[in-house]
$ cat structure_29.tsv   # TSV, C-alpha atoms and all ligand atoms
chain	number	residue	atom	x	y	z
A	165	MET	CA	4.27	41.86	25.00
A	166	LYS	CA	0.89	43.60	24.64
A	167	LEU	CA	-0.06	46.89	23.04
A	168	LEU	CA	-3.35	48.79	23.07
A	169	VAL	CA	-4.15	50.89	20.00
A	170	LYS	CA	-7.07	53.16	19.24
A	171	ALA	CA	-8.70	53.11	15.81
A	172	PRO	CA	-10.86	56.24	15.39
A	173	ALA	CA	-13.73	56.61	12.92
A	174	LYS	CA	-13.56	59.17	10.11
A	175	ILE	CA	-16.18	61.41	8.60
A	176	ASN	CA	-16.14	63.01	5.15
A	177	LEU	CA	-16.53	66.78	5.28
A	178	SER	CA	-16.67	66.58	1.49
A	179	LEU	CA	-16.62	63.75	-1.00
A	180	ASP	CA	-16.33	64.29	-4.74
A	181	VAL	CA	-16.03	61.75	-7.54
A	182	LEU	CA	-14.28	63.43	-10.47
A	183	TYR	CA	-14.50	60.64	-13.07
A	184	LYS	CA	-14.25	56.89	-13.59
A	185	ARG	CA	-10.70	55.84	-14.47
A	186	THR	CA	-9.66	53.37	-17.14
A	187	ASP	CA	-8.52	50.95	-14.37
A	188	GLY	CA	-12.11	50.82	-13.08
A	189	TYR	CA	-11.51	52.90	-9.95
A	190	HIS	CA	-13.06	56.30	-9.38
A	191	GLU	CA	-10.87	59.38	-9.14
A	192	LEU	CA	-11.81	60.95	-5.80
A	193	GLU	CA	-11.31	64.21	-3.94
A	194	MET	CA	-12.27	63.98	-0.28
A	195	VAL	CA	-11.77	66.02	2.86
A	196	MET	CA	-11.69	63.64	5.81
A	197	THR	CA	-11.24	64.07	9.54
A	198	THR	CA	-11.14	61.71	12.52
A	199	VAL	CA	-13.66	61.82	15.37
A	200	ASP	CA	-13.54	60.63	18.95
A	201	LEU	CA	-15.44	57.40	18.38
A	202	ALA	CA	-12.95	54.56	18.25
A	203	ASP	CA	-12.46	50.82	18.18
A	204	ARG	CA	-9.87	49.53	20.65
A	205	LEU	CA	-7.42	46.86	19.58
A	206	GLU	CA	-5.25	44.77	21.85
A	207	LEU	CA	-2.21	43.41	20.03
A	208	GLU	CA	0.02	40.66	21.36
A	209	LEU	CA	2.97	38.74	19.92
A	210	LEU	CA	2.55	34.98	19.50
A	211	ASN	CA	5.47	32.56	19.44
A	212	ASP	CA	3.97	30.48	16.66
A	213	ASP	CA	3.28	31.50	13.08
A	214	ARG	CA	-0.45	32.34	13.34
A	215	ILE	CA	-2.47	35.55	13.11
A	216	VAL	CA	-5.52	35.19	15.33
A	217	ILE	CA	-8.47	37.60	15.37
A	218	HIS	CA	-10.78	37.81	18.40
A	219	SER	CA	-13.95	39.73	17.63
A	220	GLN	CA	-17.34	39.41	19.30
A	221	THR	CA	-19.21	41.61	16.83
A	222	ARG	CA	-21.77	40.26	14.40
A	223	PHE	CA	-21.01	41.11	10.75
A	224	VAL	CA	-17.27	41.36	11.45
A	225	PRO	CA	-15.36	38.29	10.22
A	226	ASP	CA	-12.82	36.75	12.63
A	227	ASP	CA	-10.70	35.19	9.88
A	228	ASP	CA	-8.51	36.24	6.95
A	229	ARG	CA	-11.34	38.44	5.58
A	230	ASN	CA	-10.90	40.85	8.49
A	231	LEU	CA	-8.99	43.97	7.41
A	232	ALA	CA	-7.00	43.84	10.67
A	233	TYR	CA	-5.87	40.31	9.72
A	234	LYS	CA	-4.92	41.49	6.22
A	235	ALA	CA	-2.79	44.31	7.70
A	236	ALA	CA	-0.85	41.97	10.01
A	237	LYS	CA	-0.42	39.41	7.22
A	238	LEU	CA	0.90	42.05	4.83
A	239	LEU	CA	3.61	43.16	7.29
A	240	LYS	CA	4.45	39.58	8.23
A	241	ASP	CA	4.90	38.45	4.61
A	242	ARG	CA	6.64	41.59	3.37
A	243	PHE	CA	9.22	41.57	6.16
A	244	ASN	CA	9.50	37.81	6.54
A	245	ILE	CA	8.50	37.79	10.21
A	246	LYS	CA	8.52	34.48	12.04
A	247	SER	CA	6.37	35.28	15.09
A	248	GLY	CA	2.59	35.59	15.00
A	249	ALA	CA	0.04	38.05	16.36
A	250	SER	CA	-3.13	37.92	18.41
A	251	ILE	CA	-5.52	40.80	17.64
A	252	THR	CA	-8.53	41.44	19.88
A	253	ILE	CA	-10.97	43.99	18.47
A	254	GLU	CA	-13.40	45.87	20.72
A	255	LYS	CA	-15.75	47.24	18.09
A	256	ASN	CA	-17.36	50.60	18.93
A	257	ILE	CA	-17.62	52.02	15.41
A	258	PRO	CA	-20.81	50.90	13.62
A	259	VAL	CA	-20.05	48.40	10.82
A	260	ALA	CA	-20.64	49.15	7.10
A	261	ALA	CA	-21.63	52.65	8.10
A	262	GLY	CA	-19.44	54.98	6.02
A	263	LEU	CA	-17.14	55.59	9.00
A	264	ALA	CA	-14.16	53.51	7.79
A	265	GLY	CA	-14.19	51.23	10.83
A	266	GLY	CA	-12.48	48.33	9.07
A	267	SER	CA	-9.88	50.58	7.43
A	268	SER	CA	-9.11	52.21	10.77
A	269	ASP	CA	-8.64	48.80	12.41
A	270	ALA	CA	-6.21	47.87	9.62
A	271	ALA	CA	-4.31	51.14	10.07
A	272	ALA	CA	-4.12	50.60	13.85
A	273	VAL	CA	-2.66	47.14	13.27
A	274	LEU	CA	-0.06	48.56	10.86
A	275	ARG	CA	0.97	51.18	13.46
A	276	GLY	CA	0.87	48.79	16.39
A	277	MET	CA	2.59	45.77	14.80
A	278	ASN	CA	5.25	48.15	13.41
A	279	LYS	CA	6.16	48.70	17.06
A	280	LEU	CA	5.73	45.15	18.35
A	281	TRP	CA	7.75	43.67	15.47
A	282	ASP	CA	10.23	46.55	15.75
A	283	LEU	CA	10.06	47.30	12.02
A	284	ARG	CA	10.79	51.03	12.38
A	285	LEU	CA	8.73	51.97	9.33
A	286	THR	CA	7.72	55.62	8.96
A	287	LEU	CA	4.07	56.69	8.79
A	288	ASP	CA	4.59	57.38	5.07
A	289	GLU	CA	5.81	53.81	4.53
A	290	LEU	CA	2.91	52.40	6.54
A	291	ALA	CA	0.43	54.53	4.57
A	292	GLU	CA	1.86	53.19	1.30
A	293	LEU	CA	1.43	49.62	2.54
A	294	GLY	CA	-2.07	50.50	3.75
A	295	ALA	CA	-3.14	51.43	0.21
A	296	GLU	CA	-2.68	47.75	-0.73
A	297	ILE	CA	-5.39	46.82	1.81
A	298	GLY	CA	-8.03	49.47	1.04
A	299	SER	CA	-8.49	53.02	-0.21
A	300	ASP	CA	-9.18	54.60	3.20
A	301	VAL	CA	-6.36	52.82	5.07
A	302	SER	CA	-3.66	55.35	4.09
A	303	PHE	CA	-5.69	58.22	5.55
A	304	CYS	CA	-6.36	56.21	8.73
A	305	VAL	CA	-2.63	55.56	9.22
A	306	TYR	CA	-2.11	59.33	9.64
A	307	GLY	CA	-5.48	60.22	11.18
A	308	GLY	CA	-6.22	63.90	11.76
A	309	THR	CA	-7.54	65.93	8.83
A	310	ALA	CA	-6.52	65.58	5.21
A	311	LEU	CA	-7.39	66.04	1.57
A	312	ALA	CA	-7.36	62.60	-0.07
A	313	LYS	CA	-7.08	62.19	-3.84
A	314	GLY	CA	-6.61	59.35	-6.31
A	315	ARG	CA	-8.44	56.28	-4.97
A	316	GLY	CA	-8.11	57.96	-1.57
A	317	GLU	CA	-4.45	57.06	-1.06
A	318	ILE	CA	-2.81	60.38	-2.06
A	319	ILE	CA	-2.88	62.31	1.20
A	320	THR	CA	-2.25	66.01	1.80
A	321	PRO	CA	-2.42	66.94	5.50
A	322	LEU	CA	-4.69	69.80	6.59
A	323	PRO	CA	-4.86	71.70	9.89
A	324	PRO	CA	-7.51	70.64	12.44
A	325	PRO	CA	-10.98	72.00	11.54
A	326	PRO	CA	-12.69	74.56	13.79
A	327	ASN	CA	-13.84	72.80	16.94
A	328	CYS	CA	-17.43	71.64	17.29
A	329	TRP	CA	-19.65	68.74	18.27
A	330	VAL	CA	-20.36	65.97	15.79
A	331	VAL	CA	-23.63	64.12	16.32
A	332	LEU	CA	-23.64	60.84	14.37
A	333	ALA	CA	-26.77	58.82	13.67
A	334	LYS	CA	-26.74	55.43	11.97
A	335	PRO	CA	-30.06	54.03	10.74
A	336	ALA	CA	-30.45	50.26	11.02
A	337	ILE	CA	-29.40	49.47	7.46
A	338	GLY	CA	-26.06	48.40	6.00
A	339	VAL	CA	-24.93	50.04	2.77
A	340	SER	CA	-22.47	48.41	0.37
A	341	THR	CA	-19.89	50.97	-0.76
A	342	ALA	CA	-19.26	49.03	-3.99
A	343	GLU	CA	-22.96	49.10	-4.93
A	344	VAL	CA	-23.26	52.83	-4.29
A	345	TYR	CA	-20.34	53.54	-6.63
A	346	GLU	CA	-21.85	51.17	-9.20
A	347	HIS	CA	-25.11	53.14	-9.26
A	348	LEU	CA	-23.46	56.56	-9.30
A	349	ASN	CA	-24.26	58.56	-12.44
A	350	LEU	CA	-22.01	61.59	-12.68
A	351	ASN	CA	-24.20	63.34	-15.27
A	352	GLY	CA	-25.96	66.21	-13.57
A	353	VAL	CA	-24.58	65.70	-10.04
A	354	ILE	CA	-23.71	68.78	-8.02
A	355	HIS	CA	-20.00	68.56	-7.25
A	356	PRO	CA	-18.68	69.81	-3.89
A	357	ASN	CA	-16.49	72.89	-3.85
A	358	THR	CA	-13.46	71.13	-2.34
A	359	LYS	CA	-11.27	74.22	-2.53
A	360	ALA	CA	-13.79	76.25	-0.53
A	361	MET	CA	-13.86	73.52	2.14
A	362	VAL	CA	-10.06	73.42	2.32
A	363	ASP	CA	-9.92	77.24	2.55
A	364	ALA	CA	-12.53	77.24	5.35
A	365	ILE	CA	-10.42	74.75	7.32
A	366	TYR	CA	-7.24	76.81	6.82
A	367	GLN	CA	-9.07	79.94	7.95
A	368	GLY	CA	-10.72	78.27	10.95
A	369	ASP	CA	-14.03	79.41	9.44
A	370	TYR	CA	-16.76	77.29	11.06
A	371	HIS	CA	-19.59	78.76	8.97
A	372	GLY	CA	-17.58	78.28	5.78
A	373	MET	CA	-17.03	74.64	6.74
A	374	CYS	CA	-20.78	74.18	7.38
A	375	ALA	CA	-21.72	75.88	4.10
A	376	ASN	CA	-19.45	73.59	2.07
A	377	LEU	CA	-20.34	70.16	3.50
A	378	SER	CA	-21.14	68.12	0.39
A	379	ASN	CA	-21.08	64.48	-0.75
A	380	VAL	CA	-21.89	63.31	-4.32
A	381	LEU	CA	-22.80	59.84	-3.04
A	382	GLU	CA	-25.83	61.19	-1.13
A	383	SER	CA	-27.92	61.21	-4.30
A	384	VAL	CA	-27.42	57.44	-4.78
A	385	THR	CA	-27.93	56.34	-1.17
A	386	PHE	CA	-30.96	58.64	-0.71
A	387	LYS	CA	-32.57	57.12	-3.81
A	388	TYR	CA	-32.25	53.52	-2.60
A	389	PHE	CA	-32.73	54.27	1.12
A	390	PRO	CA	-35.12	57.28	1.49
A	391	LYS	CA	-34.93	56.73	5.27
A	392	VAL	CA	-31.43	58.24	5.20
A	393	LYS	CA	-32.72	61.41	3.53
A	394	HIS	CA	-35.51	61.67	6.11
A	395	LEU	CA	-32.95	61.33	8.88
A	396	LYS	CA	-30.92	64.18	7.37
A	397	ASP	CA	-34.05	66.37	7.20
A	398	ASP	CA	-34.91	65.55	10.83
A	399	MET	CA	-31.42	66.48	11.98
A	400	LYS	CA	-31.77	69.88	10.33
A	401	ARG	CA	-35.15	70.37	12.02
A	402	PHE	CA	-33.67	69.45	15.41
A	403	GLY	CA	-31.31	72.43	15.10
A	404	ALA	CA	-28.08	71.20	13.48
A	405	ASP	CA	-25.83	73.89	11.97
A	406	ALA	CA	-25.13	71.58	9.00
A	407	VAL	CA	-25.77	67.92	8.13
A	408	LEU	CA	-24.13	65.43	5.73
A	409	MET	CA	-24.01	61.73	5.00
A	410	SER	CA	-20.53	60.24	5.60
A	411	GLY	CA	-18.88	58.15	2.87
A	412	SER	CA	-21.43	55.95	1.12
A	413	GLY	CA	-23.64	56.08	4.23
A	414	PRO	CA	-25.91	55.32	5.86
A	415	THR	CA	-24.46	57.30	8.80
A	416	VAL	CA	-25.50	60.95	8.77
A	417	PHE	CA	-23.65	63.48	10.92
A	418	ALA	CA	-24.54	66.94	12.16
A	419	LEU	CA	-22.19	69.72	13.19
A	420	VAL	CA	-23.17	71.96	16.11
A	421	GLN	CA	-21.18	74.42	18.17
A	422	HIS	CA	-23.32	74.93	21.26
A	423	ASP	CA	-23.63	72.30	24.01
A	424	SER	CA	-27.35	72.98	24.49
A	425	ARG	CA	-28.10	72.42	20.78
A	426	MET	CA	-25.99	69.25	20.76
A	427	GLN	CA	-28.05	67.95	23.69
A	428	ARG	CA	-31.34	68.79	21.98
A	429	LEU	CA	-30.27	67.06	18.78
A	430	TYR	CA	-28.92	64.02	20.61
A	431	ASN	CA	-32.08	63.60	22.70
A	432	GLY	CA	-34.34	64.15	19.69
A	433	LEU	CA	-32.60	61.45	17.68
A	434	ARG	CA	-32.33	58.95	20.53
A	435	GLY	CA	-36.12	58.75	20.45
A	436	TYR	CA	-36.14	56.70	17.27
A	437	CYS	CA	-32.62	56.05	15.99
A	438	HIS	CA	-30.84	53.11	17.56
A	439	GLN	CA	-27.22	54.24	17.18
A	440	VAL	CA	-26.57	57.89	18.06
A	441	TYR	CA	-23.25	59.35	19.25
A	442	ALA	CA	-22.18	62.85	20.26
A	443	VAL	CA	-18.41	63.16	19.82
A	444	ARG	CA	-15.69	65.76	19.27
A	445	LEU	CA	-13.48	66.18	16.23
A	446	LEU	CA	-9.99	64.80	16.89
A	447	GLY	CA	-8.40	67.01	14.23
A	448	LYS	CA	-4.73	66.28	14.92
A	449	ARG	CA	-2.55	63.71	13.14
A	450	ASN	CA	-0.95	60.66	14.70
A	451	GLU	CA	2.51	61.58	15.79
A	452	PHE	CA	4.75	58.55	16.22
A	453	SER	CA	6.98	57.01	13.53
B	501	LIG	P1	-15.80	52.89	4.40
B	501	LIG	O1	-16.30	54.13	5.06
B	501	LIG	O2	-14.28	52.81	4.32
B	501	LIG	O3	-16.47	52.56	3.11
B	501	LIG	P2	-17.48	51.33	6.09
B	501	LIG	O4	-17.50	52.08	7.39
B	501	LIG	O5	-18.62	51.61	5.18
B	501	LIG	O6	-16.12	51.67	5.35
B	501	LIG	P3	-16.62	48.93	7.43
B	501	LIG	O7	-17.22	49.09	8.78
B	501	LIG	O8	-15.18	49.19	7.29
B	501	LIG	O9	-17.41	49.79	6.33
B	501	LIG	O10	-16.99	47.44	6.98
B	501	LIG	C1	-17.29	47.03	5.66
B	501	LIG	C2	-17.25	45.50	5.61
B	501	LIG	O11	-15.92	45.05	5.84
B	501	LIG	C3	-18.12	44.84	6.65
B	501	LIG	O12	-19.28	44.38	6.07
B	501	LIG	C4	-17.28	43.70	7.22
B	501	LIG	O13	-17.80	42.43	6.88
B	501	LIG	C5	-15.91	43.84	6.59
B	501	LIG	N1	-14.81	43.94	7.59
B	501	LIG	C6	-13.62	43.34	7.51
B	501	LIG	N2	-12.84	43.66	8.56
B	501	LIG	C7	-13.54	44.50	9.33
B	501	LIG	C8	-13.25	45.17	10.56
B	501	LIG	N3	-12.09	45.02	11.21
B	501	LIG	N4	-14.22	45.96	11.06
B	501	LIG	C9	-15.39	46.13	10.39
B	501	LIG	N5	-15.71	45.50	9.26
B	501	LIG	C10	-14.80	44.68	8.71
$ encode --input "structure_29.tsv" --output "structure tokens" --more "lines below"
Ligand code: ATP
Amino acid sequence: MKLLVKAPAKINLSLDVLYKRTDGYHELEMVMTTVDLADRLELELLNDDRIVIHSQTRFVPDDDRNLAYKAAKLLKDRFNIKSGASITIEKNIPVAAGLAGGSSDAAAVLRGMNKLWDLRLTLDELAELGAEIGSDVSFCVYGGTALAKGRGEIITPLPPPPNCWVVLAKPAIGVSTAEVYEHLNLNGVIHPNTKAMVDAIYQGDYHGMCANLSNVLESVTFKYFPKVKHLKDDMKRFGADAVLMSGSGPTVFALVQHDSRMQRLYNGLRGYCHQVYAVRLLGKRNEFS
């Protein structure tokens, strides 16, 4: 039996770090939403006991370090499953980009193998398991739009944001999330107004959403990779309504409402940035389970 699952990328409409906890993790407050740029995973049951990853992408491990592998292994061990799984990943989301590609693959495997192994777990149960794999996996299990707190695993659903284009640009550098958090100094940072962002989403207020895009990690990534800051400035000049770095970067995204402006921005960036995508917000949550 085979199953195809989509694993969409996420962007952060806001990302705040409140403080460093005694367990070493950071206490976060993030507004996240999924966009229509997705990896595709083909899942298949195997009669023997193995989990096999097929991935043609450089920088993505095809062994037990792959987050998709970890997700299948977690379900298999927890529920004492005898059969194996073959997981083929068609990678469309840029890697180490701040778009949660690996976490979304893991979440897609949790949802898909839940079906193939007939485990009948709810999305809430899958999200709880996902938190054992990585902080963004719980959000990716639900998809859609949410406020994420704690390490990112405490999820409150939000309505879909006002519709618009999202133009994503990824400079040719990889950023380590762990290193960005390590270099973050919370003294003097400007914290996002998360409540104002949540209110804007509830009210369908596009301009309010644009005005409240904010990410405390920008200050760190911009310092070590000034190229990312220049890209953000360029995107504003090309006519974006609002621009923000996603996650720990280096992907920067612009919001625009009008098709003609989206086209101008996209064409302008294509001139010198290798990976540029114009996509829509997905907004809505996953429905099954
Ligand atoms: P986040 O936004 O959650 O911080 P990211 O988009 O910055 O994530 P990923 O693309 O998820 O980063 O990849 C981070 C690292 O995880 C990569 O360097 C890669 O080696 C490893 N990895 C493991 N499994 C996967 C996977 N299925 N897809 C992509 N990367 C993976």
$ residues_near_ligand --input "structure_29.tsv" --ligand "ligand LIG 501 (chain B)" --cutoff "7 Å" --atoms "only C-alpha atoms and all ligand atoms" --output "ChimeraX atom specification"
/A:223-225,229-232,258-267,269-270,300,339-341,411-413
$ residues_around --input "structure_29.tsv" --residues "segment 366-382 of chain A" --least-positions-apart "3" --cutoff "10 Å" --atoms "all atoms listed in the file" --output "JSON, numbers by chain"
{"A": [176, 177, 178, 179, 180, 181, 182, 194, 195, 322, 323, 324, 325, 326, 327, 328, 341, 344, 345, 347, 348, 349, 350, 353, 354, 355, 356, 357, 358, 359, 360, 361, 362, 363, 385, 386, 387, 392, 393, 404, 405, 406, 407, 408, 409, 410, 411, 412, 413, 414, 416, 418, 419, 420, 421]}
$ closest_residue --input "structure_29.tsv" --among "A:Thr309, A:Ser219, A:Asn278, A:Thr286" --to "Ile251 of chain A" --atoms "only C-alpha atoms"
A:Ser219
$ axis_aligned_box --input "structure_29.tsv" --around "segment 350-356 of chain A" --padding-each-side "4 Å" --output "lines of an AutoDock Vina configuration file"
center_x = -22.3
center_y = 65.7
center_z = -9.6
size_x = 15.3
size_y = 16.2
size_z = 19.4
$ closest_residue --input "structure_29.tsv" --among "A:Ala364, A:Ala342, A:Leu311, A:Val305" --to "Arg275 of chain A" --atoms "only C-alpha atoms"
A:Val305
$ residues_near_point --input "structure_29.tsv" --point "(-25.7, 71.0, 21.3)" --cutoff "12 Å" --atoms "all atoms listed in the file" --output "ChimeraX atom specification"
/A:328-331,399,402-405,418-432,442-444
$ atom_distance --input "structure_29.tsv" --atom1 "atom CA of Asp200 of chain A" --atom2 "atom CA of His394 of chain A"
25.5 Å
$ atom_distance --input "structure_29.tsv" --atom1 "atom CA of Gly316 of chain A" --atom2 "atom CA of Lys448 of chain A"
18.8 Å
